[in-house]
>>> print(open('coords22.cif').read())   # mmCIF, N, CA and C atoms
data_work
#
loop_
_atom_site.label_atom_id
_atom_site.label_comp_id
_atom_site.auth_asym_id
_atom_site.auth_seq_id
_atom_site.Cartn_x
_atom_site.Cartn_y
_atom_site.Cartn_z
N MET M 202 0.84 -1.17 0.00
CA MET M 202 0.00 0.00 0.00
C MET M 202 0.89 1.25 0.00
N THR M 203 0.61 2.18 -0.87
CA THR M 203 1.41 3.40 -0.94
C THR M 203 0.71 4.52 -0.16
N SER M 204 1.54 5.37 0.44
CA SER M 204 0.95 6.51 1.15
C SER M 204 0.86 7.68 0.18
N THR M 205 -0.19 8.43 0.33
CA THR M 205 -0.42 9.57 -0.54
C THR M 205 0.02 10.83 0.18
N ARG M 206 0.90 11.57 -0.45
CA ARG M 206 1.35 12.84 0.12
C ARG M 206 0.36 13.93 -0.28
N PRO M 207 0.14 14.91 0.60
CA PRO M 207 -0.77 16.00 0.25
C PRO M 207 -0.21 16.83 -0.90
N THR M 208 -1.09 17.40 -1.68
CA THR M 208 -0.67 18.24 -2.80
C THR M 208 -0.21 19.59 -2.27
N ARG M 209 0.49 20.31 -3.11
CA ARG M 209 0.94 21.66 -2.76
C ARG M 209 -0.26 22.55 -2.44
N ALA M 210 -1.30 22.45 -3.24
CA ALA M 210 -2.51 23.26 -3.01
C ALA M 210 -3.13 22.95 -1.66
N HIS M 211 -3.15 21.67 -1.30
CA HIS M 211 -3.69 21.28 0.00
C HIS M 211 -2.84 21.86 1.14
N LEU M 212 -1.54 21.81 0.99
CA LEU M 212 -0.65 22.34 2.02
C LEU M 212 -0.83 23.86 2.17
N VAL M 213 -0.99 24.55 1.05
CA VAL M 213 -1.21 26.00 1.09
C VAL M 213 -2.53 26.31 1.81
N ARG M 214 -3.59 25.59 1.45
CA ARG M 214 -4.88 25.79 2.13
C ARG M 214 -4.76 25.55 3.63
N THR M 215 -4.05 24.51 3.99
CA THR M 215 -3.86 24.19 5.40
C THR M 215 -3.10 25.30 6.11
N ALA M 216 -2.04 25.80 5.49
CA ALA M 216 -1.25 26.88 6.10
C ALA M 216 -2.09 28.14 6.29
N LYS M 217 -3.00 28.39 5.37
CA LYS M 217 -3.85 29.58 5.47
C LYS M 217 -4.94 29.42 6.52
N ARG M 218 -5.22 28.18 6.93
CA ARG M 218 -6.27 27.92 7.92
C ARG M 218 -5.73 27.66 9.33
N LEU M 219 -4.43 27.52 9.46
CA LEU M 219 -3.85 27.25 10.77
C LEU M 219 -4.25 28.32 11.77
N ARG M 220 -4.48 27.91 12.98
CA ARG M 220 -4.79 28.85 14.04
C ARG M 220 -3.45 29.37 14.59
N ILE M 221 -3.21 30.64 14.42
CA ILE M 221 -1.97 31.26 14.88
C ILE M 221 -2.28 32.04 16.14
N GLN M 222 -1.62 31.69 17.23
CA GLN M 222 -1.85 32.38 18.49
C GLN M 222 -0.54 32.89 19.06
N VAL M 223 -0.61 34.09 19.64
CA VAL M 223 0.53 34.69 20.30
C VAL M 223 0.04 35.12 21.69
N PRO M 224 0.71 34.67 22.74
CA PRO M 224 0.25 35.04 24.09
C PRO M 224 0.48 36.53 24.37
N THR M 225 -0.34 37.07 25.24
CA THR M 225 -0.18 38.48 25.62
C THR M 225 0.48 38.57 27.00
N MET M 226 1.27 39.61 27.15
CA MET M 226 1.91 39.93 28.42
C MET M 226 2.30 41.40 28.38
N SER M 227 2.70 41.92 29.49
CA SER M 227 3.11 43.32 29.52
C SER M 227 4.39 43.49 28.71
N THR M 228 4.61 44.70 28.25
CA THR M 228 5.84 44.99 27.49
C THR M 228 7.07 44.72 28.35
N THR M 229 7.01 45.10 29.61
CA THR M 229 8.14 44.88 30.51
C THR M 229 8.45 43.39 30.64
N GLN M 230 7.41 42.59 30.83
CA GLN M 230 7.61 41.15 30.96
C GLN M 230 8.14 40.56 29.65
N LEU M 231 7.60 41.00 28.51
CA LEU M 231 8.05 40.51 27.21
C LEU M 231 9.53 40.82 27.01
N ILE M 232 9.94 42.04 27.30
CA ILE M 232 11.34 42.43 27.11
C ILE M 232 12.24 41.59 28.01
N ARG M 233 11.86 41.42 29.25
CA ARG M 233 12.67 40.63 30.19
C ARG M 233 12.81 39.19 29.70
N ARG M 234 11.70 38.59 29.29
CA ARG M 234 11.73 37.20 28.84
C ARG M 234 12.49 37.05 27.53
N ALA M 235 12.33 38.02 26.63
CA ALA M 235 13.05 37.97 25.35
C ALA M 235 14.55 38.11 25.58
N CYS M 236 14.95 38.99 26.48
CA CYS M 236 16.37 39.15 26.80
C CYS M 236 16.93 37.86 27.41
N ASP M 237 16.20 37.27 28.34
CA ASP M 237 16.65 36.01 28.95
C ASP M 237 16.80 34.91 27.90
N HIS M 238 15.84 34.83 27.00
CA HIS M 238 15.87 33.83 25.92
C HIS M 238 17.07 34.07 25.01
N TYR M 239 17.28 35.31 24.61
CA TYR M 239 18.41 35.67 23.76
C TYR M 239 19.73 35.32 24.44
N ASN M 240 19.86 35.69 25.72
CA ASN M 240 21.11 35.44 26.45
C ASN M 240 21.38 33.95 26.59
N ALA M 241 20.35 33.15 26.82
CA ALA M 241 20.52 31.70 26.94
C ALA M 241 20.97 31.09 25.61
N ARG M 242 20.48 31.62 24.50
CA ARG M 242 20.82 31.08 23.19
C ARG M 242 22.13 31.62 22.63
N ASN M 243 22.60 32.73 23.19
CA ASN M 243 23.80 33.39 22.67
C ASN M 243 24.79 33.71 23.79
N PRO M 244 25.31 32.68 24.46
CA PRO M 244 26.16 32.94 25.63
C PRO M 244 27.48 33.64 25.30
N HIS M 245 27.91 33.61 24.05
CA HIS M 245 29.20 34.20 23.69
C HIS M 245 29.06 35.61 23.09
N LYS M 246 27.83 36.11 23.05
CA LYS M 246 27.61 37.47 22.54
C LYS M 246 27.37 38.40 23.71
N ARG M 247 27.44 39.68 23.43
CA ARG M 247 27.14 40.67 24.45
C ARG M 247 25.72 40.43 24.95
N PRO M 248 25.52 40.31 26.26
CA PRO M 248 24.18 40.00 26.77
C PRO M 248 23.19 41.13 26.54
N ALA M 249 21.96 40.75 26.28
CA ALA M 249 20.86 41.71 26.20
C ALA M 249 20.45 42.04 27.63
N ASP M 250 20.33 43.32 27.91
CA ASP M 250 20.01 43.77 29.27
C ASP M 250 18.66 44.46 29.28
N PRO M 251 17.67 43.86 29.95
CA PRO M 251 16.33 44.47 29.97
C PRO M 251 16.32 45.85 30.64
N GLU M 252 17.28 46.12 31.50
CA GLU M 252 17.33 47.42 32.19
C GLU M 252 17.75 48.54 31.24
N SER M 253 18.56 48.22 30.26
CA SER M 253 19.00 49.25 29.30
C SER M 253 18.39 49.02 27.93
N ALA M 254 17.22 48.40 27.90
CA ALA M 254 16.57 48.03 26.63
C ALA M 254 16.26 49.25 25.78
N ALA M 255 15.97 50.38 26.40
CA ALA M 255 15.63 51.57 25.64
C ALA M 255 16.81 52.08 24.82
N ALA M 256 18.01 51.68 25.19
CA ALA M 256 19.21 52.15 24.49
C ALA M 256 19.26 51.67 23.04
N ASP M 257 18.77 50.49 22.78
CA ASP M 257 18.79 49.95 21.42
C ASP M 257 17.42 49.36 21.11
N GLU M 258 16.48 50.24 20.79
CA GLU M 258 15.10 49.82 20.57
C GLU M 258 14.96 48.83 19.43
N ALA M 259 15.74 49.02 18.35
CA ALA M 259 15.64 48.12 17.20
C ALA M 259 16.06 46.70 17.58
N PHE M 260 17.14 46.58 18.35
CA PHE M 260 17.62 45.27 18.79
C PHE M 260 16.58 44.60 19.69
N VAL M 261 16.03 45.36 20.63
CA VAL M 261 15.04 44.81 21.56
C VAL M 261 13.79 44.37 20.79
N ALA M 262 13.35 45.17 19.83
CA ALA M 262 12.18 44.80 19.03
C ALA M 262 12.46 43.51 18.27
N ARG M 263 13.66 43.39 17.71
CA ARG M 263 14.02 42.18 16.95
C ARG M 263 13.99 40.95 17.83
N ILE M 264 14.61 41.03 19.02
CA ILE M 264 14.63 39.82 19.86
C ILE M 264 13.25 39.53 20.45
N CYS M 265 12.42 40.56 20.64
CA CYS M 265 11.05 40.30 21.12
C CYS M 265 10.24 39.57 20.05
N VAL M 266 10.32 40.04 18.80
CA VAL M 266 9.58 39.37 17.71
C VAL M 266 10.10 37.94 17.54
N ASN M 267 11.41 37.77 17.56
CA ASN M 267 11.97 36.43 17.41
C ASN M 267 11.54 35.52 18.56
N TYR M 268 11.55 36.05 19.77
CA TYR M 268 11.13 35.26 20.94
C TYR M 268 9.67 34.84 20.81
N LEU M 269 8.81 35.78 20.45
CA LEU M 269 7.39 35.45 20.29
C LEU M 269 7.19 34.41 19.19
N ARG M 270 7.90 34.57 18.09
CA ARG M 270 7.72 33.67 16.95
C ARG M 270 8.26 32.28 17.25
N HIS M 271 9.48 32.20 17.78
CA HIS M 271 10.11 30.89 17.95
C HIS M 271 9.77 30.19 19.26
N ALA M 272 9.63 30.95 20.35
CA ALA M 272 9.45 30.31 21.65
C ALA M 272 8.00 30.27 22.13
N LEU M 273 7.17 31.20 21.66
CA LEU M 273 5.82 31.29 22.22
C LEU M 273 4.70 31.04 21.21
N SER M 274 5.04 30.64 20.01
CA SER M 274 4.00 30.29 19.03
C SER M 274 4.33 28.91 18.47
N ASP M 275 3.45 28.39 17.66
CA ASP M 275 3.66 27.09 17.02
C ASP M 275 4.38 27.22 15.68
N TYR M 276 5.01 28.36 15.44
CA TYR M 276 5.67 28.65 14.17
C TYR M 276 6.61 27.51 13.74
N ASP M 277 7.58 27.17 14.58
CA ASP M 277 8.56 26.15 14.20
C ASP M 277 7.91 24.77 14.05
N ALA M 278 7.01 24.43 14.95
CA ALA M 278 6.33 23.13 14.86
C ALA M 278 5.52 23.02 13.57
N ASN M 279 4.83 24.10 13.21
CA ASN M 279 4.04 24.10 11.97
C ASN M 279 4.93 23.95 10.75
N ARG M 280 6.03 24.69 10.71
CA ARG M 280 6.93 24.59 9.56
C ARG M 280 7.59 23.21 9.49
N ASP M 281 7.96 22.66 10.62
CA ASP M 281 8.56 21.32 10.64
C ASP M 281 7.56 20.27 10.15
N ALA M 282 6.30 20.42 10.54
CA ALA M 282 5.26 19.47 10.12
C ALA M 282 5.11 19.50 8.60
N ILE M 283 5.13 20.69 8.02
CA ILE M 283 5.01 20.82 6.56
C ILE M 283 6.20 20.16 5.88
N ARG M 284 7.38 20.35 6.41
CA ARG M 284 8.58 19.75 5.81
C ARG M 284 8.49 18.22 5.81
N ARG M 285 7.83 17.68 6.80
CA ARG M 285 7.68 16.21 6.85
C ARG M 285 6.62 15.72 5.87
N LEU M 286 5.71 16.60 5.47
CA LEU M 286 4.61 16.18 4.60
C LEU M 286 4.95 16.22 3.12
N THR M 287 5.98 16.95 2.76
CA THR M 287 6.33 17.05 1.35
C THR M 287 7.84 17.10 1.19
N ARG M 288 8.29 16.59 0.07
CA ARG M 288 9.71 16.67 -0.26
C ARG M 288 9.98 17.76 -1.29
N ASP M 289 8.93 18.42 -1.71
CA ASP M 289 9.04 19.47 -2.74
C ASP M 289 9.56 20.75 -2.09
N PRO M 290 10.80 21.15 -2.40
CA PRO M 290 11.38 22.35 -1.78
C PRO M 290 10.56 23.61 -2.06
N ALA M 291 9.98 23.72 -3.24
CA ALA M 291 9.18 24.90 -3.58
C ALA M 291 7.92 24.96 -2.71
N ALA M 292 7.29 23.81 -2.48
CA ALA M 292 6.10 23.77 -1.62
C ALA M 292 6.49 24.08 -0.18
N GLN M 293 7.60 23.54 0.27
CA GLN M 293 8.07 23.83 1.63
C GLN M 293 8.32 25.32 1.81
N GLU M 294 8.96 25.93 0.82
CA GLU M 294 9.26 27.36 0.90
C GLU M 294 7.98 28.20 0.88
N GLU M 295 7.06 27.88 -0.02
CA GLU M 295 5.82 28.65 -0.13
C GLU M 295 4.99 28.55 1.15
N VAL M 296 4.80 27.35 1.64
CA VAL M 296 4.00 27.15 2.84
C VAL M 296 4.71 27.74 4.06
N GLY M 297 6.02 27.60 4.13
CA GLY M 297 6.78 28.20 5.22
C GLY M 297 6.63 29.70 5.24
N ALA M 298 6.64 30.33 4.05
CA ALA M 298 6.48 31.78 3.96
C ALA M 298 5.09 32.22 4.41
N ILE M 299 4.08 31.43 4.09
CA ILE M 299 2.71 31.74 4.52
C ILE M 299 2.63 31.68 6.04
N ILE M 300 3.19 30.63 6.62
CA ILE M 300 3.15 30.48 8.08
C ILE M 300 3.92 31.62 8.75
N LYS M 301 5.07 31.96 8.21
CA LYS M 301 5.86 33.05 8.80
C LYS M 301 5.10 34.36 8.71
N ALA M 302 4.53 34.67 7.56
CA ALA M 302 3.80 35.92 7.39
C ALA M 302 2.61 36.00 8.34
N ARG M 303 1.87 34.92 8.44
CA ARG M 303 0.70 34.91 9.33
C ARG M 303 1.11 35.05 10.79
N THR M 304 2.23 34.44 11.17
CA THR M 304 2.72 34.56 12.54
C THR M 304 3.15 36.00 12.82
N LEU M 305 3.84 36.61 11.88
CA LEU M 305 4.27 38.00 12.06
C LEU M 305 3.07 38.95 12.13
N VAL M 306 2.03 38.69 11.36
CA VAL M 306 0.81 39.50 11.44
C VAL M 306 0.18 39.35 12.83
N ALA M 307 0.13 38.13 13.35
CA ALA M 307 -0.45 37.90 14.68
C ALA M 307 0.37 38.63 15.75
N ILE M 308 1.68 38.64 15.61
CA ILE M 308 2.53 39.37 16.56
C ILE M 308 2.24 40.86 16.48
N ALA M 309 2.15 41.40 15.28
CA ALA M 309 1.89 42.83 15.10
C ALA M 309 0.52 43.22 15.63
N GLU M 310 -0.46 42.34 15.45
CA GLU M 310 -1.81 42.63 15.96
C GLU M 310 -1.85 42.58 17.49
N THR M 311 -1.11 41.67 18.08
CA THR M 311 -1.10 41.50 19.53
C THR M 311 -0.22 42.56 20.20
N TYR M 312 0.86 42.93 19.55
CA TYR M 312 1.81 43.91 20.07
C TYR M 312 2.04 44.99 19.02
N PRO M 313 1.15 45.98 18.93
CA PRO M 313 1.28 47.01 17.90
C PRO M 313 2.63 47.74 17.93
N GLN M 314 3.27 47.81 19.10
CA GLN M 314 4.56 48.47 19.20
C GLN M 314 5.66 47.69 18.46
N LEU M 315 5.38 46.44 18.08
CA LEU M 315 6.34 45.62 17.34
C LEU M 315 5.99 45.53 15.85
N MET M 316 4.99 46.28 15.42
CA MET M 316 4.53 46.19 14.03
C MET M 316 5.65 46.49 13.03
N ALA M 317 6.42 47.53 13.27
CA ALA M 317 7.49 47.89 12.33
C ALA M 317 8.52 46.77 12.21
N GLU M 318 8.89 46.15 13.33
CA GLU M 318 9.86 45.05 13.29
C GLU M 318 9.27 43.81 12.63
N ALA M 319 8.02 43.52 12.91
CA ALA M 319 7.38 42.36 12.26
C ALA M 319 7.35 42.59 10.75
N ARG M 320 7.02 43.79 10.34
CA ARG M 320 7.00 44.12 8.90
C ARG M 320 8.41 44.03 8.32
N ARG M 321 9.42 44.52 9.04
CA ARG M 321 10.80 44.47 8.56
C ARG M 321 11.22 43.02 8.34
N GLN M 322 10.88 42.13 9.29
CA GLN M 322 11.25 40.73 9.15
C GLN M 322 10.53 40.07 7.97
N ALA M 323 9.30 40.46 7.73
CA ALA M 323 8.56 39.91 6.58
C ALA M 323 9.19 40.37 5.28
N VAL M 324 9.53 41.64 5.19
CA VAL M 324 10.14 42.19 3.97
C VAL M 324 11.52 41.60 3.77
N TYR M 325 12.28 41.46 4.85
CA TYR M 325 13.62 40.86 4.77
C TYR M 325 13.53 39.45 4.21
N THR M 326 12.58 38.68 4.68
CA THR M 326 12.40 37.31 4.19
C THR M 326 12.09 37.32 2.70
N ASP M 327 11.19 38.22 2.29
CA ASP M 327 10.84 38.31 0.87
C ASP M 327 12.05 38.70 0.03
N ARG M 328 12.82 39.66 0.52
CA ARG M 328 13.98 40.13 -0.22
C ARG M 328 15.03 39.04 -0.35
N THR M 329 15.30 38.30 0.73
CA THR M 329 16.32 37.27 0.65
C THR M 329 15.86 36.11 -0.21
N ALA M 330 14.57 35.82 -0.20
CA ALA M 330 14.06 34.75 -1.07
C ALA M 330 14.21 35.14 -2.53
N ASP M 331 13.94 36.42 -2.85
CA ASP M 331 14.08 36.89 -4.23
C ASP M 331 15.54 36.91 -4.66
N ALA M 332 16.45 37.16 -3.71
CA ALA M 332 17.86 37.28 -4.04
C ALA M 332 18.56 35.93 -4.11
N ALA M 333 17.91 34.90 -3.63
CA ALA M 333 18.54 33.58 -3.63
C ALA M 333 18.78 33.11 -5.06
N PRO M 334 19.95 32.56 -5.31
CA PRO M 334 20.22 32.08 -6.66
C PRO M 334 19.33 30.89 -6.98
N PRO M 335 18.95 30.75 -8.24
CA PRO M 335 18.12 29.60 -8.60
C PRO M 335 18.88 28.30 -8.35
N ARG M 336 18.14 27.30 -7.97
CA ARG M 336 18.75 25.99 -7.72
C ARG M 336 19.07 25.32 -9.04
N ARG M 337 20.21 24.72 -9.09
CA ARG M 337 20.60 24.00 -10.31
C ARG M 337 20.06 22.59 -10.27
N ARG M 338 19.67 22.14 -11.42
CA ARG M 338 19.24 20.75 -11.52
C ARG M 338 20.48 19.87 -11.59
N PRO M 339 20.43 18.72 -10.94
CA PRO M 339 21.58 17.82 -11.02
C PRO M 339 21.76 17.32 -12.46
N ARG M 340 22.99 17.14 -12.83
CA ARG M 340 23.27 16.62 -14.19
C ARG M 340 22.90 15.15 -14.26
N PRO M 341 22.32 14.76 -15.38
CA PRO M 341 21.94 13.34 -15.52
C PRO M 341 23.12 12.43 -15.66
#
>>> encode(input="coords22.cif", output="structure tokens")
Amino acid sequence: MTSTRPTRAHLVRTAKRLRIQVPTMSTTQLIRRACDHYNARNPHKRPADPESAAADEAFVARICVNYLRHALSDYDANRDAIRRLTRDPAAQEEVGAIIKARTLVAIAETYPQLMAEARRQAVYTDRTADAAPPRRRPRP
């Protein structure tokens, strides 16, 4: 018996229907938790300090959006699940981009003060995807 893999269209529909949730907390608590998360993941870099967070607002916004996306949402689990369902790199990329965009929208809606950073990350992803060199087909 052969297993049937979902089609690209089915995966796209599923990605558009996923329930994306981002927990709410105070800005102070979010900054503290994002700094702790960043410091734990980057022990050899200059530590993020929640007490001096106002000094580098762009950096703090970036680590807050990343923390919300990677640690407090199902973003990575959803993308990993899609990768297991298809071997088509184009489908993986398309569905992954949909999940990322929807997660960033949910973050911006929940934390309006992070809207500019969420938008920057979405645009950055689009720009790097466009700049990526085309994949070469293996020679027969």
>>> closest_residue(input="coords22.cif", among="M:Leu273, M:Ala282, M:Leu305, M:Ile264", to="M:Ile232", atoms="only N, CA and C atoms")
M:Ile264
>>> resolve_selection(input="coords22.cif", expression="the PyMOL selection byres ((chain M and resi 266-269) around 8)", output="number ranges by chain")
M: 222-224, 234-236, 238-239, 260-265, 270-276, 304-305, 308, 315, 318-319
>>> atom_distance(input="coords22.cif", atom1="atom CA of M:Leu219", atom2="atom CA of M:Arg242")
27.9 Å
>>> atom_distance(input="coords22.cif", atom1="atom N of M:Ala307", atom2="atom C of M:Ile221")
7.1 Å
>>> residues_around(input="coords22.cif", residues="M:Pro248", least_positions_apart="2", cutoff="9 Å", atoms="only C-alpha atoms", output="JSON, numbers by chain")
{"M": [236, 237, 239, 240, 243, 244, 245, 246, 250]}
>>> atom_distance(input="coords22.cif", atom1="atom C of M:Ala259", atom2="atom C of M:Ala302")
19.5 Å
>>> residues_around(input="coords22.cif", residues="stretch 287-296 of chain M", least_positions_apart="4", cutoff="10 Å", atoms="only C-alpha atoms", output="VMD selection string")
chain M and resid 206 to 210 212 to 217 279 to 283 300 to 302 330
>>> residues_near_point(input="coords22.cif", point="(11.9, 45.4, 28.0)", cutoff="7 Å", atoms="only N, CA and C atoms", output="list in words")
Thr228, Thr229, Gln230, Leu231, Ile232, Arg233, Arg234, Asp250, Pro251, Glu252, Ala254 and Ala255 of chain M
>>> select_by_dssp(input="coords22.cif", residues="chain M", states="alpha helix (DSSP H)", output="ChimeraX atom specification")
/M:209-218,228-242,258-272,276-286,290-311,316-332
>>> axis_aligned_box(input="coords22.cif", around="stretch 293-311 of chain M", padding_each_side="8 Å", output="JSON")
{"center_x": 3.7, "center_y": 33.4, "center_z": 10.0, "size_x": 27.1, "size_y": 35.7, "size_z": 36.3}
>>> build_atoms(input="coords22.cif", residues="stretch 260-284 of chain M", atoms="N, CA, C and O atoms", output="mmCIF file, keeping the file's coordinate frame")
data_model
loop_
_atom_site.group_PDB
_atom_site.id
_atom_site.type_symbol
_atom_site.label_atom_id
_atom_site.label_comp_id
_atom_site.auth_asym_id
_atom_site.auth_seq_id
_atom_site.Cartn_x
_atom_site.Cartn_y
_atom_site.Cartn_z
ATOM 1 N N PHE M 260 17.140 46.580 18.350
ATOM 2 C CA PHE M 260 17.620 45.270 18.790
ATOM 3 C C PHE M 260 16.580 44.600 19.690
ATOM 4 O O PHE M 260 16.260 43.420 19.516
ATOM 5 N N VAL M 261 16.030 45.360 20.630
ATOM 6 C CA VAL M 261 15.040 44.810 21.560
ATOM 7 C C VAL M 261 13.790 44.370 20.790
ATOM 8 O O VAL M 261 13.247 43.297 21.044
ATOM 9 N N ALA M 262 13.350 45.170 19.830
ATOM 10 C CA ALA M 262 12.180 44.800 19.030
ATOM 11 C C ALA M 262 12.460 43.510 18.270
ATOM 12 O O ALA M 262 11.608 42.613 18.205
ATOM 13 N N ARG M 263 13.660 43.390 17.710
ATOM 14 C CA ARG M 263 14.020 42.180 16.950
ATOM 15 C C ARG M 263 13.990 40.950 17.830
ATOM 16 O O ARG M 263 13.407 39.921 17.473
ATOM 17 N N ILE M 264 14.610 41.030 19.020
ATOM 18 C CA ILE M 264 14.630 39.820 19.860
ATOM 19 C C ILE M 264 13.250 39.530 20.450
ATOM 20 O O ILE M 264 12.935 38.362 20.676
ATOM 21 N N CYS M 265 12.420 40.560 20.640
ATOM 22 C CA CYS M 265 11.050 40.300 21.120
ATOM 23 C C CYS M 265 10.240 39.570 20.050
ATOM 24 O O CYS M 265 9.547 38.594 20.352
ATOM 25 N N VAL M 266 10.320 40.040 18.800
ATOM 26 C CA VAL M 266 9.580 39.370 17.710
ATOM 27 C C VAL M 266 10.100 37.940 17.540
ATOM 28 O O VAL M 266 9.308 37.001 17.414
ATOM 29 N N ASN M 267 11.410 37.770 17.560
ATOM 30 C CA ASN M 267 11.970 36.430 17.410
ATOM 31 C C ASN M 267 11.540 35.520 18.560
ATOM 32 O O ASN M 267 11.214 34.342 18.343
ATOM 33 N N TYR M 268 11.550 36.050 19.770
ATOM 34 C CA TYR M 268 11.130 35.260 20.940
ATOM 35 C C TYR M 268 9.670 34.840 20.810
ATOM 36 O O TYR M 268 9.333 33.665 20.996
ATOM 37 N N LEU M 269 8.810 35.780 20.450
ATOM 38 C CA LEU M 269 7.390 35.450 20.290
ATOM 39 C C LEU M 269 7.190 34.410 19.190
ATOM 40 O O LEU M 269 6.410 33.470 19.345
ATOM 41 N N ARG M 270 7.900 34.570 18.090
ATOM 42 C CA ARG M 270 7.720 33.670 16.950
ATOM 43 C C ARG M 270 8.260 32.280 17.250
ATOM 44 O O ARG M 270 7.591 31.276 17.000
ATOM 45 N N HIS M 271 9.480 32.200 17.780
ATOM 46 C CA HIS M 271 10.110 30.890 17.950
ATOM 47 C C HIS M 271 9.770 30.190 19.260
ATOM 48 O O HIS M 271 9.673 28.965 19.285
ATOM 49 N N ALA M 272 9.630 30.950 20.350
ATOM 50 C CA ALA M 272 9.450 30.310 21.650
ATOM 51 C C ALA M 272 8.000 30.270 22.130
ATOM 52 O O ALA M 272 7.642 29.399 22.914
ATOM 53 N N LEU M 273 7.170 31.200 21.660
ATOM 54 C CA LEU M 273 5.820 31.290 22.220
ATOM 55 C C LEU M 273 4.700 31.040 21.210
ATOM 56 O O LEU M 273 3.533 31.240 21.532
ATOM 57 N N SER M 274 5.040 30.640 20.010
ATOM 58 C CA SER M 274 4.000 30.290 19.030
ATOM 59 C C SER M 274 4.330 28.910 18.470
ATOM 60 O O SER M 274 5.384 28.350 18.765
ATOM 61 N N ASP M 275 3.450 28.390 17.660
ATOM 62 C CA ASP M 275 3.660 27.090 17.020
ATOM 63 C C ASP M 275 4.380 27.220 15.680
ATOM 64 O O ASP M 275 4.360 26.290 14.865
ATOM 65 N N TYR M 276 5.010 28.360 15.440
ATOM 66 C CA TYR M 276 5.670 28.650 14.170
ATOM 67 C C TYR M 276 6.610 27.510 13.740
ATOM 68 O O TYR M 276 6.465 26.944 12.659
ATOM 69 N N ASP M 277 7.580 27.170 14.580
ATOM 70 C CA ASP M 277 8.560 26.150 14.200
ATOM 71 C C ASP M 277 7.910 24.770 14.050
ATOM 72 O O ASP M 277 8.231 24.034 13.106
ATOM 73 N N ALA M 278 7.010 24.430 14.950
ATOM 74 C CA ALA M 278 6.330 23.130 14.860
ATOM 75 C C ALA M 278 5.520 23.020 13.570
ATOM 76 O O ALA M 278 5.522 21.977 12.909
ATOM 77 N N ASN M 279 4.830 24.100 13.210
ATOM 78 C CA ASN M 279 4.040 24.100 11.970
ATOM 79 C C ASN M 279 4.930 23.950 10.750
ATOM 80 O O ASN M 279 4.637 23.158 9.848
ATOM 81 N N ARG M 280 6.030 24.690 10.710
ATOM 82 C CA ARG M 280 6.930 24.590 9.560
ATOM 83 C C ARG M 280 7.590 23.210 9.490
ATOM 84 O O ARG M 280 7.733 22.637 8.407
ATOM 85 N N ASP M 281 7.960 22.660 10.620
ATOM 86 C CA ASP M 281 8.560 21.320 10.640
ATOM 87 C C ASP M 281 7.560 20.270 10.150
ATOM 88 O O ASP M 281 7.922 19.338 9.421
ATOM 89 N N ALA M 282 6.300 20.420 10.540
ATOM 90 C CA ALA M 282 5.260 19.470 10.120
ATOM 91 C C ALA M 282 5.110 19.500 8.600
ATOM 92 O O ALA M 282 4.986 18.455 7.953
ATOM 93 N N ILE M 283 5.130 20.690 8.020
ATOM 94 C CA ILE M 283 5.010 20.820 6.560
ATOM 95 C C ILE M 283 6.200 20.160 5.880
ATOM 96 O O ILE M 283 6.045 19.448 4.883
ATOM 97 N N ARG M 284 7.380 20.350 6.410
ATOM 98 C CA ARG M 284 8.580 19.750 5.810
ATOM 99 C C ARG M 284 8.490 18.220 5.810
ATOM 100 O O ARG M 284 9.044 17.578 4.923
#
